[in-house]
Amino acid sequence: MAEFSKALQDYETSFLQANPSTVPEVACIFIGGSRLYNPEKSVSSHPDHQSDYDGIIVVGGKYDAYNLVTDKRSRQSLLTLVGIERDEEFKFQVPPPCSPLFSEWDGIQVSGFDRANVKRSIKVLTLQHFNNGNQSLNIVSHNDRRVYTNPHWRNVLSVTTLAQATTLDTGMLLHDQWLYKTQMDDGKVVGVFGPVIDLLLTSACVYGQGHGFEIKRMLLEYHASKTGYYPSVDSFTRQRQFSPHFIDCFGKQLTELCPTILDEALIPSSFGEQAHMFIPGETAKTQVSAASICQYPDAREVSDEALAQFNEGLVTRRDGIKAQFSPNSETYIVTTDASGDSIDLFIKKSPYTQDELEGAKLAARYFHRAFLPRMANSGELVYPLFHGISEHDARLTYIRGGRKDTALAESILYVEMAKAEYTLRTYRNSLCLKPSAPTSRQNIQRFFYDCLLDDRRIREFYGQGMTLAGQRYSLDRLLSFEWEINGYACSSLREAFDEAKSILAPESSEMLSCPTVFGTGDGHGGNVMFRPSNAKGGTSEFLFVDFETAGVHPVMIDFAKALCNDVFYETVYHSLLPKDESSSLNCRVDQDTNTIFLDFKPKTDPLSQAILDIKVPY
């Protein structure tokens with residue numbers, strides 16, 4: 001205990017560079033992070049490897065927080081207090097009281113660097129927030145992190161929480177919450193604190209202990225009220241950083257704050273074969289129009305000089321890219337020299353280049369960091385090269401690696417969260433509820449409809465028939481069979497195709513009355529690129545690609561392929577997966593009743609369930 005007290009005193013002295021009373025708005029201060037949890041391991045002799053300072057400052061109300069961060073003199077007092085000498089570029093603006101977004105945020109993140117170039121970060125929260133008992137916790141920040149993993153929750157389970165976010169013109173609004181929870185099949189509840197509350201509870205309150213301990217006690221009681229049990233030291237995401245001395249002191253503090261013993265039988269302890277659980281946050285809703293939140297930057301396109309050099313053949317062609325998830329096109333990379341600098345270009349050859357060119361121009365009005373193609377003399381499309389991978393390629397790598405790469409899983413989930421945010425915003429900005437005649441850019445609807453005409457799509461693959469349970473059947477016979485799948489009676493493919501064709505017809509009442517939106521029509525993970533980040537939990541470098549079907553579509557038609565291909569990834573792309581990843585499938589044909597009996601257990605993993613849990617609320 002004495003050793004930890006000495007470490008805490010040293011950390012407080014190095015963190016707080018002024019007396020907190022010099023900043024009258026401050027009610028209490030919490031300091032945490034690895035420099036507190038394990039000081040012996042946190043300070044490296046190499047300046048680039050030193051651990052950051054991390055803490056929370058609580059002020060009275062929202063106006064106090066706003067003035068403390070935005071008023072020049074008050075902000076300087078705040079920075080001096082926490083030892084920040086070089087403020088990080090203040091790219092984002094805190095929504096002011098006159099903004100409709102003022103009521104949406106609960107705290108502000110402020111960060112910068114000290115004299116030794118070590119990063120220091122604080123979250124400014126308010127007593128008003130905790131007194132109101134609002135369990136959502138929306139933080140204005142310039143960082144975009146949405147995924148957090150506790151790899152050893154109560155030493156039995158890896159738990160990842162998924163926090164939503166809203167992109168603002170000059171920053172982010174991170175939709176955190178006090179507690180993320182999910183109920184098991186046996187009724188027990190897994191509860192994990194959000195990252196900000198996890199930091200607050202594991203931090204030491206070094207100023208305003210009266211307020212600080214009351215806040216901690218309230219949060220621990222809230223956990224107990226929602227789960228039936230109090231958190232233990234190994235319930236916290238940061239527990240992997242704790243030293244034995246910190247574990248001892250922190251455990252005693254938890255006992256002092258919550259001396260009541262609840263029913264230990266309510267604590268989940270058995271999870272079968274599941275080793276990793278993903279818990280999405282509650283759906284966040286901003287109360288202002290999507291158009292007022294963020295205006296996207298101008299789209300990028302190749303320069304006139306680079307396009308001219310490509311047209312003249314003044315390029316070096318590199319190996320092509322195997323498009324596993326977009327097989328209807330050929331792509332390759334070239335390197336050219338424009339303005340003295342080597343420039344990489346992405347070249348795409350497709351039967352639908354004109355459709356994609358028009359779709360990309362429309363998409364650039366809505367989508368984040370859109371890349372606009374230019375048409376070459378050869379009829380190929382020329383794009384700026386994005387150095388990244390597709391979401392679906394990343395999932396294939398994750399599965400082939402035995403699903404052990406937590407950082408890659410976090411990046412995939414970040415992309416899903418960001419993709420959902422931008423798709424929903426585009427839908428909100430382009431939504432039309434009035435019945436309307438078909439438009440010239442309802443490409444994905446027409447594609448689906450054309451696939452059904454004369455059974456074109458299925459005849460393309462199975463025109464010569466199919467072998468089922470050792471017996472060869474013609475396509476017409478196959479279409480006539482009734483189905484029973486996992487005990488559920490289903491109509492024949494002939495009936496299903498005819499019904500779908502009737503609904504998808506451009507002039508059908510269903511299509512004319514369905515709300516329409518602008519979308520890519522093909523927004524699955526094979527058409528989303530991202531650049532993995534060094535920081536866990538996300539990357540802001542991602543973009544939509546492949547706009548040949550982009551246009552104004554009935555909303556459920558636009559969303560269909562993304563839902564199917566992303567959620568049922570292991571089934572749709574089973575041919576690319578390792579053999580031990582194949583789904584369980586048993587088929588039996590009863591010719592007397594003209595029925596195919598199918599027992600199918602798709603191979604899925606917690607990541608697929610998490611992606612479904614992300615898509616459905618959005």
# chains A, B, ... in the order shown; residues from 1 in each chain; ligands from 1
call {"tool": "select_by_dssp", "arguments": {"residues": "segment 38-262 of chain A", "states": "helix (DSSP H, G or I)", "output": "ChimeraX atom specification"}}
result
/A:39-42,47-49,62-70,72-81,102-104,127-132,195-202,209-227,233-235,237-241,244-257
call {"tool": "residues_around", "arguments": {"residues": "Tyr366 of chain A", "least_positions_apart": "2", "cutoff": "6 Å", "atoms": "only C-alpha atoms", "output": "MDAnalysis selection string"}}
result
chainID A and resid 363:364 426
call {"tool": "write_last_selection", "arguments": {"atoms": "C-alpha atoms", "output": "short mmCIF file (atom, residue, chain, number, x, y, z; two decimals), in the first residue's frame"}}
result
data_model
loop_
_atom_site.label_atom_id
_atom_site.label_comp_id
_atom_site.auth_asym_id
_atom_site.auth_seq_id
_atom_site.Cartn_x
_atom_site.Cartn_y
_atom_site.Cartn_z
CA ALA A 363 -21.87 9.26 -55.17
CA ALA A 364 -19.32 12.05 -54.68
CA THR A 426 -26.97 9.32 -47.17
#
call {"tool": "closest_residue", "arguments": {"among": "A:Asn443, A:Asp605, A:Pro280, A:Phe213", "to": "Gly359 of chain A", "atoms": "only C-alpha atoms"}}
result
A:Asn443
call {"tool": "residues_around", "arguments": {"residues": "Gly379 of chain A", "least_positions_apart": "4", "cutoff": "10 Å", "atoms": "only C-alpha atoms", "output": "JSON list (two decimals) with N, CA and C atoms, in the first residue's frame"}}
result
[["chain", "number", "residue", "atom", "x", "y", "z"],
["A", 348, "LYS", "N", -9.18, 0.26, -64.08],
["A", 348, "LYS", "CA", -10.27, -0.71, -64.06],
["A", 348, "LYS", "C", -10.87, -0.85, -65.45],
["A", 349, "LYS", "N", -10.99, -2.10, -65.91],
["A", 349, "LYS", "CA", -11.60, -2.41, -67.20],
["A", 349, "LYS", "C", -12.86, -3.22, -66.93],
["A", 350, "SER", "N", -13.99, -2.73, -67.42],
["A", 350, "SER", "CA", -15.27, -3.37, -67.12],
["A", 350, "SER", "C", -16.25, -3.10, -68.25],
["A", 351, "PRO", "N", -17.24, -3.98, -68.47],
["A", 351, "PRO", "CA", -18.28, -3.70, -69.45],
["A", 351, "PRO", "C", -19.18, -2.53, -69.04],
["A", 353, "THR", "N", -18.22, 0.56, -67.61],
["A", 353, "THR", "CA", -17.43, 1.73, -67.23],
["A", 353, "THR", "C", -18.24, 3.02, -67.27],
["A", 354, "GLN", "N", -19.12, 3.17, -68.25],
["A", 354, "GLN", "CA", -19.90, 4.40, -68.34],
["A", 354, "GLN", "C", -20.87, 4.49, -67.17],
["A", 374, "ARG", "N", -11.64, 8.80, -64.04],
["A", 374, "ARG", "CA", -11.64, 9.52, -65.31],
["A", 374, "ARG", "C", -11.53, 8.49, -66.42],
["A", 375, "MET", "N", -12.19, 8.78, -67.54],
["A", 375, "MET", "CA", -12.23, 7.83, -68.64],
["A", 375, "MET", "C", -10.98, 8.01, -69.51]]
call {"tool": "atom_distance", "arguments": {"atom1": "atom CA of Leu266 of chain A", "atom2": "atom CA of Ala224 of chain A"}}
result
10.5 Å
call {"tool": "residues_around", "arguments": {"residues": "Phe447 of chain A", "least_positions_apart": "4", "cutoff": "10 Å", "atoms": "only C-alpha atoms", "output": "PyMOL selection string"}}
result
chain A and resi 442-443+451-452+504+521+549
call {"tool": "closest_residue", "arguments": {"among": "A:Pro259, A:Pro24, A:Pro373, A:Pro554", "to": "Ser513 of chain A", "atoms": "only C-alpha atoms"}}
result
A:Pro554
call {"tool": "residues_around", "arguments": {"residues": "Asp52 of chain A", "least_positions_apart": "5", "cutoff": "8 Å", "atoms": "only C-alpha atoms", "output": "number ranges by chain"}}
result
A: 33-35, 118-121
call {"tool": "residues_around", "arguments": {"residues": "Phe386 of chain A", "least_positions_apart": "5", "cutoff": "10 Å", "atoms": "only C-alpha atoms", "output": "JSON list (two decimals) with N, CA and C atoms, in the first residue's frame"}}
result
[["chain", "number", "residue", "atom", "x", "y", "z"],
["A", 344, "ASP", "N", 1.00, 6.55, -58.44],
["A", 344, "ASP", "CA", 0.36, 5.26, -58.69],
["A", 344, "ASP", "C", -1.09, 5.48, -59.06],
["A", 345, "LEU", "N", -1.53, 4.78, -60.10],
["A", 345, "LEU", "CA", -2.91, 4.87, -60.56],
["A", 345, "LEU", "C", -3.54, 3.49, -60.56],
["A", 346, "PHE", "N", -4.82, 3.46, -60.26],
["A", 346, "PHE", "CA", -5.59, 2.22, -60.26],
["A", 346, "PHE", "C", -6.43, 2.21, -61.53],
["A", 371, "PHE", "N", -13.52, 8.67, -54.48],
["A", 371, "PHE", "CA", -12.52, 8.80, -55.54],
["A", 371, "PHE", "C", -13.26, 8.79, -56.88],
["A", 529, "MET", "N", -13.06, -0.15, -49.13],
["A", 529, "MET", "CA", -11.63, -0.26, -48.89],
["A", 529, "MET", "C", -11.26, 0.47, -47.60],
["A", 530, "PHE", "N", -10.23, -0.04, -46.92],
["A", 530, "PHE", "CA", -9.75, 0.67, -45.74],
["A", 530, "PHE", "C", -8.27, 0.41, -45.55],
["A", 531, "ARG", "N", -7.65, 1.30, -44.82],
["A", 531, "ARG", "CA", -6.25, 1.18, -44.48],
["A", 531, "ARG", "C", -6.14, 0.90, -43.00],
["A", 541, "GLU", "N", -9.30, 5.95, -42.37],
["A", 541, "GLU", "CA", -8.97, 5.85, -43.79],
["A", 541, "GLU", "C", -9.79, 4.74, -44.43],
["A", 542, "PHE", "N", -10.93, 5.09, -44.98],
["A", 542, "PHE", "CA", -11.73, 4.09, -45.70],
["A", 542, "PHE", "C", -12.58, 4.81, -46.74],
["A", 543, "LEU", "N", -13.01, 4.08, -47.75],
["A", 543, "LEU", "CA", -13.87, 4.68, -48.76],
["A", 543, "LEU", "C", -14.66, 3.60, -49.49]]
call {"tool": "closest_residue", "arguments": {"among": "A:Gly463, A:Pro515, A:Gly112, A:Gly171", "to": "Arg86 of chain A", "atoms": "only C-alpha atoms"}}
result
A:Gly112
call {"tool": "residues_around", "arguments": {"residues": "Arg588 of chain A", "least_positions_apart": "4", "cutoff": "9 Å", "atoms": "only C-alpha atoms", "output": "MDAnalysis selection string"}}
result
chainID A and resid 468:469 595:599
call {"tool": "atom_distance", "arguments": {"atom1": "atom CA of Asp176 of chain A", "atom2": "atom CA of Gly194 of chain A"}}
result
6.2 Å
call {"tool": "select_by_dssp", "arguments": {"residues": "segment 200-415 of chain A", "states": "strand (DSSP E or B)", "output": "number ranges by chain"}}
result
A: 204-207, 276-280, 300, 315-317, 330-338, 341-349, 371, 374-375, 381-384, 389-390
call {"tool": "atom_distance", "arguments": {"atom1": "atom CA of Ser51 of chain A", "atom2": "atom CA of Thr13 of chain A"}}
result
16.1 Å
call {"tool": "decode", "arguments": {"residues": "segment 106-140 of chain A", "atoms": "N, CA and C atoms", "output": "PDB file, in the first residue's frame"}}
result
ATOM      1  N   ASP A 106     -22.012  15.486 -24.010  1.00  0.00           N
ATOM      2  CA  ASP A 106     -21.914  15.431 -22.554  1.00  0.00           C
ATOM      3  C   ASP A 106     -20.504  15.701 -22.047  1.00  0.00           C
ATOM      4  N   GLY A 107     -19.514  15.661 -22.921  1.00  0.00           N
ATOM      5  CA  GLY A 107     -18.140  15.874 -22.503  1.00  0.00           C
ATOM      6  C   GLY A 107     -17.261  16.214 -23.686  1.00  0.00           C
ATOM      7  N   ILE A 108     -16.031  16.634 -23.377  1.00  0.00           N
ATOM      8  CA  ILE A 108     -15.092  17.076 -24.413  1.00  0.00           C
ATOM      9  C   ILE A 108     -13.730  16.456 -24.134  1.00  0.00           C
ATOM     10  N   GLN A 109     -13.093  15.964 -25.178  1.00  0.00           N
ATOM     11  CA  GLN A 109     -11.727  15.461 -25.030  1.00  0.00           C
ATOM     12  C   GLN A 109     -10.743  16.548 -25.440  1.00  0.00           C
ATOM     13  N   VAL A 110      -9.718  16.747 -24.616  1.00  0.00           N
ATOM     14  CA  VAL A 110      -8.660  17.721 -24.881  1.00  0.00           C
ATOM     15  C   VAL A 110      -7.333  16.993 -24.759  1.00  0.00           C
ATOM     16  N   SER A 111      -6.432  17.177 -25.699  1.00  0.00           N
ATOM     17  CA  SER A 111      -5.144  16.489 -25.635  1.00  0.00           C
ATOM     18  C   SER A 111      -4.053  17.350 -26.239  1.00  0.00           C
ATOM     19  N   GLY A 112      -2.830  16.969 -25.935  1.00  0.00           N
ATOM     20  CA  GLY A 112      -1.670  17.689 -26.418  1.00  0.00           C
ATOM     21  C   GLY A 112      -0.404  17.020 -25.901  1.00  0.00           C
ATOM     22  N   PHE A 113       0.712  17.760 -25.942  1.00  0.00           N
ATOM     23  CA  PHE A 113       1.993  17.171 -25.579  1.00  0.00           C
ATOM     24  C   PHE A 113       2.700  18.062 -24.569  1.00  0.00           C
ATOM     25  N   ASP A 114       3.443  17.412 -23.666  1.00  0.00           N
ATOM     26  CA  ASP A 114       4.171  18.179 -22.656  1.00  0.00           C
ATOM     27  C   ASP A 114       5.564  18.526 -23.165  1.00  0.00           C
ATOM     28  N   ARG A 115       6.399  19.050 -22.280  1.00  0.00           N
ATOM     29  CA  ARG A 115       7.734  19.512 -22.673  1.00  0.00           C
ATOM     30  C   ARG A 115       8.588  18.366 -23.197  1.00  0.00           C
ATOM     31  N   ALA A 116       8.358  17.153 -22.693  1.00  0.00           N
ATOM     32  CA  ALA A 116       9.128  15.983 -23.125  1.00  0.00           C
ATOM     33  C   ALA A 116       8.489  15.293 -24.328  1.00  0.00           C
ATOM     34  N   ASN A 117       7.499  15.926 -24.936  1.00  0.00           N
ATOM     35  CA  ASN A 117       6.795  15.392 -26.102  1.00  0.00           C
ATOM     36  C   ASN A 117       6.013  14.120 -25.782  1.00  0.00           C
ATOM     37  N   VAL A 118       5.562  14.000 -24.538  1.00  0.00           N
ATOM     38  CA  VAL A 118       4.708  12.889 -24.124  1.00  0.00           C
ATOM     39  C   VAL A 118       3.258  13.363 -24.201  1.00  0.00           C
ATOM     40  N   LYS A 119       2.404  12.522 -24.760  1.00  0.00           N
ATOM     41  CA  LYS A 119       1.010  12.914 -24.939  1.00  0.00           C
ATOM     42  C   LYS A 119       0.268  12.921 -23.610  1.00  0.00           C
ATOM     43  N   ARG A 120      -0.584  13.943 -23.441  1.00  0.00           N
ATOM     44  CA  ARG A 120      -1.451  14.047 -22.275  1.00  0.00           C
ATOM     45  C   ARG A 120      -2.880  14.286 -22.767  1.00  0.00           C
ATOM     46  N   SER A 121      -3.812  13.532 -22.198  1.00  0.00           N
ATOM     47  CA  SER A 121      -5.194  13.618 -22.651  1.00  0.00           C
ATOM     48  C   SER A 121      -6.124  13.654 -21.452  1.00  0.00           C
ATOM     49  N   ILE A 122      -7.159  14.485 -21.534  1.00  0.00           N
ATOM     50  CA  ILE A 122      -8.179  14.544 -20.490  1.00  0.00           C
ATOM     51  C   ILE A 122      -9.560  14.613 -21.136  1.00  0.00           C
ATOM     52  N   LYS A 123     -10.534  14.072 -20.427  1.00  0.00           N
ATOM     53  CA  LYS A 123     -11.925  14.251 -20.803  1.00  0.00           C
ATOM     54  C   LYS A 123     -12.555  15.194 -19.793  1.00  0.00           C
ATOM     55  N   VAL A 124     -13.236  16.210 -20.278  1.00  0.00           N
ATOM     56  CA  VAL A 124     -13.928  17.163 -19.416  1.00  0.00           C
ATOM     57  C   VAL A 124     -15.390  16.747 -19.341  1.00  0.00           C
ATOM     58  N   LEU A 125     -15.826  16.287 -18.166  1.00  0.00           N
ATOM     59  CA  LEU A 125     -17.207  15.882 -17.938  1.00  0.00           C
ATOM     60  C   LEU A 125     -17.858  16.837 -16.943  1.00  0.00           C
ATOM     61  N   THR A 126     -19.134  16.611 -16.627  1.00  0.00           N
ATOM     62  CA  THR A 126     -19.850  17.540 -15.751  1.00  0.00           C
ATOM     63  C   THR A 126     -20.609  16.807 -14.650  1.00  0.00           C
ATOM     64  N   LEU A 127     -20.695  17.461 -13.481  1.00  0.00           N
ATOM     65  CA  LEU A 127     -21.563  16.939 -12.423  1.00  0.00           C
ATOM     66  C   LEU A 127     -23.005  16.898 -12.895  1.00  0.00           C
ATOM     67  N   GLN A 128     -23.373  17.860 -13.727  1.00  0.00           N
ATOM     68  CA  GLN A 128     -24.735  17.918 -14.270  1.00  0.00           C
ATOM     69  C   GLN A 128     -25.094  16.614 -14.976  1.00  0.00           C
ATOM     70  N   HIS A 129     -24.155  16.065 -15.735  1.00  0.00           N
ATOM     71  CA  HIS A 129     -24.403  14.814 -16.449  1.00  0.00           C
ATOM     72  C   HIS A 129     -24.683  13.674 -15.472  1.00  0.00           C
ATOM     73  N   PHE A 130     -23.851  13.528 -14.455  1.00  0.00           N
ATOM     74  CA  PHE A 130     -24.022  12.424 -13.506  1.00  0.00           C
ATOM     75  C   PHE A 130     -25.265  12.627 -12.643  1.00  0.00           C
ATOM     76  N   ASN A 131     -25.585  13.858 -12.324  1.00  0.00           N
ATOM     77  CA  ASN A 131     -26.787  14.124 -11.520  1.00  0.00           C
ATOM     78  C   ASN A 131     -28.061  13.836 -12.303  1.00  0.00           C
ATOM     79  N   ASN A 132     -27.995  14.030 -13.632  1.00  0.00           N
ATOM     80  CA  ASN A 132     -29.181  13.768 -14.461  1.00  0.00           C
ATOM     81  C   ASN A 132     -29.421  12.276 -14.656  1.00  0.00           C
ATOM     82  N   GLY A 133     -28.379  11.466 -14.399  1.00  0.00           N
ATOM     83  CA  GLY A 133     -28.546  10.019 -14.529  1.00  0.00           C
ATOM     84  C   GLY A 133     -28.714   9.535 -15.951  1.00  0.00           C
ATOM     85  N   ASN A 134     -28.221  10.307 -16.924  1.00  0.00           N
ATOM     86  CA  ASN A 134     -28.323   9.900 -18.326  1.00  0.00           C
ATOM     87  C   ASN A 134     -27.171   8.957 -18.646  1.00  0.00           C
ATOM     88  N   GLN A 135     -27.465   7.687 -18.941  1.00  0.00           N
ATOM     89  CA  GLN A 135     -26.409   6.690 -19.076  1.00  0.00           C
ATOM     90  C   GLN A 135     -25.662   6.750 -20.411  1.00  0.00           C
ATOM     91  N   SER A 136     -26.164   7.514 -21.377  1.00  0.00           N
ATOM     92  CA  SER A 136     -25.381   7.741 -22.590  1.00  0.00           C
ATOM     93  C   SER A 136     -24.305   8.775 -22.272  1.00  0.00           C
ATOM     94  N   LEU A 137     -23.195   8.723 -22.981  1.00  0.00           N
ATOM     95  CA  LEU A 137     -22.084   9.622 -22.695  1.00  0.00           C
ATOM     96  C   LEU A 137     -21.440  10.011 -24.016  1.00  0.00           C
ATOM     97  N   ASN A 138     -21.863  11.159 -24.554  1.00  0.00           N
ATOM     98  CA  ASN A 138     -21.433  11.592 -25.881  1.00  0.00           C
ATOM     99  C   ASN A 138     -20.278  12.576 -25.759  1.00  0.00           C
ATOM    100  N   ILE A 139     -19.124  12.196 -26.324  1.00  0.00           N
ATOM    101  CA  ILE A 139     -17.887  12.952 -26.163  1.00  0.00           C
ATOM    102  C   ILE A 139     -17.501  13.603 -27.478  1.00  0.00           C
ATOM    103  N   VAL A 140     -17.285  14.931 -27.455  1.00  0.00           N
ATOM    104  CA  VAL A 140     -16.758  15.643 -28.615  1.00  0.00           C
ATOM    105  C   VAL A 140     -15.250  15.410 -28.657  1.00  0.00           C
TER     106      VAL A 140
END
